[in-house]
Each structure stands twice: as C-alpha cells, then as structure tokens.
Amino acid sequence: MRADFGRYYKNARVCHGPLRAWLSALGEFGFLAIAVYRYGRWTRQLQPWLFALPFKLIYHLLNLGVRIAFDTDLSTNSDIGPGFHIGHTGGIHIHARLGRGCAIAQGVTIGGRGGGRTDGYPVLGDRVYIGAGAMVIGRIEVGDDVIVGANTVVVTDVPRGCRVVSAAARILPPREPDPS
C-alpha cells in the first residue's frame, strides 16, 4: 500500500506542498479503491473463519461503496502488484494479475472473455499502462513496459516494450434508404 500511495503522492507533489500533497493523495478516488482492494486481499488470509467474519463484512461494505461511488471493481481474486495507479475512476473492472508499477485510465476492463465461461485471465508485466476505454481480455500475457492505447482491445500476447494501438476508424458509406 505504501508504493500505491507513493504514486499518488508523487503526482500531487507536483502541484502542492508536502502536507497538501499528502492530503490530496489520500483523497484520490483511485487510491481509495486500491486501499479497499488491499484490505480485501488481507481479509482473505485471516483465520479462523469466525474471527475473519467481521473484517470480511467491513470489506464487503467498503467494496460496495467503491463500486457504487467510483464505478470501480477490483476483484480480490486479482493479484495487483505494488505501485498501482488509477488515473481516473469510472467503468473500471479488473480480474487479472498485474505486475509492479502498472497504471490504468478510466473505462478499462482487464479480465476473462466472458460469455458465461472463461478460458483464463490476463497476466500483465511490470510498468504496463492501459489507456482509457481499453480492454485486455482472455488468457494472454502482456510484457513489461507495454503501452496500450485508448479504446484498444487486446486479445493476443504482447511482447515486452511494445505499444498497442487500435486500428483507425473506418468511415462507411451511407446506407440506402429503406424503400418501404
């Protein structure tokens, strides 16, 4: 959690003094979502079951708040490395394994293909950036230092250091009016 906070503090420090940057980083919606995720991962380790129950109940209430208020879903089945950064919350769904120092923007989905079943989940390397509206789906591997551009859909493995961008928009001719 210290590495996660450090990413937010570093960004806030550019505009504010130390105390205001610290307070600003603590209030970032992305950091709050990550803090709840880390707490949820911690509750999974608690034993015995009866002892863990109140902590898990608190987690589920906090997670419900994050999902409703920030529209962000970080599954505790995910394994998110330290130094994770969410640029803007909203429309974020993650169920995958992410390396150290990854960052994502709003509207990102990282997880299984869906359709009622899954063939596995993505594994992202260190320092991967996922742009706004992008999707990384299925059992694929994304190497270290990869940049995935906005609105890109990634469904195949990506080697280390690559940039992945979507195809340019196609302009289709107008449809003929319906004669009826």
# chains A, B, ... in the order shown; residues from 1 in each chain; ligands from 1
>>> closest_atom_pairs(of="range 55-90 of chain A", to="range 16-36 of chain A", cutoff="9 Å", atoms="only C-alpha atoms", output="Markdown table")
| residue | atom | partner | partner_atom | distance |
| --- | --- | --- | --- | --- |
| A:Tyr59 | CA | A:Val36 | CA | 7.0 |
| A:Leu62 | CA | A:Val36 | CA | 6.6 |
| A:Asn63 | CA | A:Val36 | CA | 6.4 |
| A:Val66 | CA | A:Ala33 | CA | 6.0 |
| A:Arg67 | CA | A:Ala33 | CA | 8.6 |
| A:Phe70 | CA | A:Phe29 | CA | 6.9 |
| A:Thr72 | CA | A:Ala33 | CA | 7.2 |
| A:Asp73 | CA | A:Ala33 | CA | 8.3 |
| A:Leu74 | CA | A:Ala33 | CA | 7.7 |
| A:Phe84 | CA | A:Ile34 | CA | 7.8 |
| A:His85 | CA | A:Gly30 | CA | 7.0 |
| A:Ile86 | CA | A:Gly30 | CA | 5.0 |
| A:Gly87 | CA | A:Gly30 | CA | 6.8 |
| A:His88 | CA | A:Gly30 | CA | 6.6 |
| A:Thr89 | CA | A:Gly30 | CA | 5.9 |
>>> write_last_selection(atoms="N, CA, C and O atoms", output="PDB file, in the first residue's frame")
ATOM      1  N   TYR A  59     -15.149  -5.290   4.750  1.00  0.00           N
ATOM      2  CA  TYR A  59     -14.631  -5.210   3.384  1.00  0.00           C
ATOM      3  C   TYR A  59     -15.770  -5.164   2.365  1.00  0.00           C
ATOM      4  O   TYR A  59     -15.764  -4.346   1.450  1.00  0.00           O
ATOM      5  N   LEU A  62     -17.356  -1.764   2.330  1.00  0.00           N
ATOM      6  CA  LEU A  62     -16.473  -0.783   1.700  1.00  0.00           C
ATOM      7  C   LEU A  62     -16.413  -0.998   0.189  1.00  0.00           C
ATOM      8  O   LEU A  62     -16.455  -0.048  -0.598  1.00  0.00           O
ATOM      9  N   ASN A  63     -16.314  -2.261  -0.219  1.00  0.00           N
ATOM     10  CA  ASN A  63     -16.234  -2.572  -1.645  1.00  0.00           C
ATOM     11  C   ASN A  63     -17.523  -2.173  -2.363  1.00  0.00           C
ATOM     12  O   ASN A  63     -17.483  -1.651  -3.475  1.00  0.00           O
ATOM     13  N   VAL A  66     -17.283   1.490  -2.954  1.00  0.00           N
ATOM     14  CA  VAL A  66     -16.363   1.803  -4.057  1.00  0.00           C
ATOM     15  C   VAL A  66     -17.025   1.510  -5.393  1.00  0.00           C
ATOM     16  O   VAL A  66     -16.933   2.301  -6.342  1.00  0.00           O
ATOM     17  N   ARG A  67     -17.719   0.391  -5.475  1.00  0.00           N
ATOM     18  CA  ARG A  67     -18.366   0.027  -6.738  1.00  0.00           C
ATOM     19  C   ARG A  67     -19.474   1.011  -7.100  1.00  0.00           C
ATOM     20  O   ARG A  67     -19.635   1.367  -8.264  1.00  0.00           O
ATOM     21  N   PHE A  70     -17.568   4.965  -7.157  1.00  0.00           N
ATOM     22  CA  PHE A  70     -16.480   5.187  -8.122  1.00  0.00           C
ATOM     23  C   PHE A  70     -16.626   4.355  -9.385  1.00  0.00           C
ATOM     24  O   PHE A  70     -15.806   4.472 -10.292  1.00  0.00           O
ATOM     25  N   THR A  72     -15.897   1.302  -9.862  1.00  0.00           N
ATOM     26  CA  THR A  72     -14.622   0.614  -9.990  1.00  0.00           C
ATOM     27  C   THR A  72     -14.701  -0.723  -9.265  1.00  0.00           C
ATOM     28  O   THR A  72     -15.091  -0.772  -8.115  1.00  0.00           O
ATOM     29  N   ASP A  73     -14.342  -1.794  -9.975  1.00  0.00           N
ATOM     30  CA  ASP A  73     -14.408  -3.139  -9.419  1.00  0.00           C
ATOM     31  C   ASP A  73     -13.038  -3.799  -9.532  1.00  0.00           C
ATOM     32  O   ASP A  73     -12.626  -4.196 -10.620  1.00  0.00           O
ATOM     33  N   LEU A  74     -12.332  -3.890  -8.407  1.00  0.00           N
ATOM     34  CA  LEU A  74     -11.040  -4.565  -8.351  1.00  0.00           C
ATOM     35  C   LEU A  74     -11.256  -5.881  -7.603  1.00  0.00           C
ATOM     36  O   LEU A  74     -11.355  -5.886  -6.382  1.00  0.00           O
ATOM     37  N   PHE A  84       0.439   0.437  -7.958  1.00  0.00           N
ATOM     38  CA  PHE A  84      -0.656   0.512  -8.926  1.00  0.00           C
ATOM     39  C   PHE A  84      -1.266   1.902  -8.894  1.00  0.00           C
ATOM     40  O   PHE A  84      -1.415   2.508  -7.839  1.00  0.00           O
ATOM     41  N   HIS A  85      -1.636   2.428 -10.072  1.00  0.00           N
ATOM     42  CA  HIS A  85      -2.193   3.778 -10.147  1.00  0.00           C
ATOM     43  C   HIS A  85      -3.400   3.791 -11.068  1.00  0.00           C
ATOM     44  O   HIS A  85      -3.335   3.300 -12.191  1.00  0.00           O
ATOM     45  N   ILE A  86      -4.503   4.353 -10.573  1.00  0.00           N
ATOM     46  CA  ILE A  86      -5.698   4.558 -11.380  1.00  0.00           C
ATOM     47  C   ILE A  86      -5.797   6.056 -11.639  1.00  0.00           C
ATOM     48  O   ILE A  86      -5.983   6.836 -10.705  1.00  0.00           O
ATOM     49  N   GLY A  87      -5.651   6.453 -12.898  1.00  0.00           N
ATOM     50  CA  GLY A  87      -5.684   7.871 -13.242  1.00  0.00           C
ATOM     51  C   GLY A  87      -7.031   8.506 -12.979  1.00  0.00           C
ATOM     52  O   GLY A  87      -7.119   9.569 -12.390  1.00  0.00           O
ATOM     53  N   HIS A  88      -8.083   7.861 -13.434  1.00  0.00           N
ATOM     54  CA  HIS A  88      -9.450   8.342 -13.221  1.00  0.00           C
ATOM     55  C   HIS A  88     -10.328   7.125 -12.995  1.00  0.00           C
ATOM     56  O   HIS A  88     -10.253   6.163 -13.748  1.00  0.00           O
ATOM     57  N   THR A  89     -11.181   7.173 -11.987  1.00  0.00           N
ATOM     58  CA  THR A  89     -12.079   6.051 -11.748  1.00  0.00           C
ATOM     59  C   THR A  89     -13.268   6.142 -12.690  1.00  0.00           C
ATOM     60  O   THR A  89     -13.501   7.160 -13.317  1.00  0.00           O
TER      61      THR A  89
END
>>> select_by_dssp(residues="chain A", states="alpha helix (DSSP H)", output="PyMOL selection string")
chain A and resi 2-13+18-26+29-43+49-70
>>> closest_residue(among="A:Arg97, A:Arg127, A:Lys56, A:Arg13", to="Arg160 in chain A", atoms="only C-alpha atoms")
A:Arg127
>>> decode(residues="range 92-149 of chain A", atoms="C-alpha atoms", output="CSV table (one decimal), in the first residue's frame")
chain,number,residue,atom,x,y,z
A,92,ILE,CA,-13.0,0.0,-14.3
A,93,HIS,CA,-13.2,-3.8,-14.0
A,94,ILE,CA,-10.1,-5.8,-13.2
A,95,HIS,CA,-9.8,-9.6,-12.7
A,96,ALA,CA,-6.2,-10.4,-13.7
A,97,ARG,CA,-2.6,-10.5,-12.5
A,98,LEU,CA,-0.8,-7.1,-12.8
A,99,GLY,CA,2.9,-6.5,-12.2
A,100,ARG,CA,4.6,-3.7,-10.3
A,101,GLY,CA,4.0,-0.1,-11.2
A,102,CYS,CA,1.1,-0.6,-13.6
A,103,ALA,CA,-1.3,2.3,-14.4
A,104,ILE,CA,-4.7,2.5,-15.9
A,105,ALA,CA,-7.2,5.1,-17.0
A,106,GLN,CA,-10.9,5.2,-16.9
A,107,GLY,CA,-13.2,2.7,-18.6
A,108,VAL,CA,-10.7,-0.1,-18.6
A,109,THR,CA,-11.6,-3.8,-18.5
A,110,ILE,CA,-8.9,-6.4,-17.8
A,111,GLY,CA,-10.3,-9.9,-17.3
A,112,GLY,CA,-11.7,-13.0,-18.9
A,113,ARG,CA,-13.5,-13.1,-22.2
A,114,GLY,CA,-16.9,-13.8,-20.6
A,115,GLY,CA,-19.8,-15.4,-22.4
A,116,GLY,CA,-20.7,-17.5,-19.4
A,117,ARG,CA,-17.3,-19.2,-19.1
A,118,THR,CA,-13.7,-18.2,-19.3
A,119,ASP,CA,-10.6,-19.6,-20.8
A,120,GLY,CA,-8.4,-17.7,-18.3
A,121,TYR,CA,-7.3,-14.3,-17.3
A,122,PRO,CA,-4.6,-11.8,-18.5
A,123,VAL,CA,-1.2,-11.6,-16.9
A,124,LEU,CA,0.4,-8.1,-17.2
A,125,GLY,CA,4.1,-7.4,-16.6
A,126,ASP,CA,5.7,-4.5,-14.8
A,127,ARG,CA,5.1,-0.8,-15.7
A,128,VAL,CA,2.2,-1.5,-18.1
A,129,TYR,CA,0.0,1.4,-19.0
A,130,ILE,CA,-3.6,0.8,-20.2
A,131,GLY,CA,-5.3,3.8,-21.8
A,132,ALA,CA,-8.9,5.0,-21.4
A,133,GLY,CA,-11.6,2.6,-22.7
A,134,ALA,CA,-9.1,-0.2,-23.4
A,135,MET,CA,-9.8,-3.9,-22.9
A,136,VAL,CA,-7.3,-6.6,-22.2
A,137,ILE,CA,-9.2,-9.9,-22.2
A,138,GLY,CA,-8.6,-13.6,-22.2
A,139,ARG,CA,-5.7,-15.8,-21.2
A,140,ILE,CA,-2.9,-13.7,-22.6
A,141,GLU,CA,0.4,-12.3,-21.4
A,142,VAL,CA,1.4,-8.6,-21.8
A,143,GLY,CA,5.1,-8.0,-21.3
A,144,ASP,CA,6.9,-5.4,-19.2
A,145,ASP,CA,6.8,-1.7,-20.2
A,146,VAL,CA,3.9,-2.1,-22.7
A,147,ILE,CA,1.6,0.8,-23.5
A,148,VAL,CA,-1.9,0.0,-24.6
A,149,GLY,CA,-3.6,2.9,-26.3
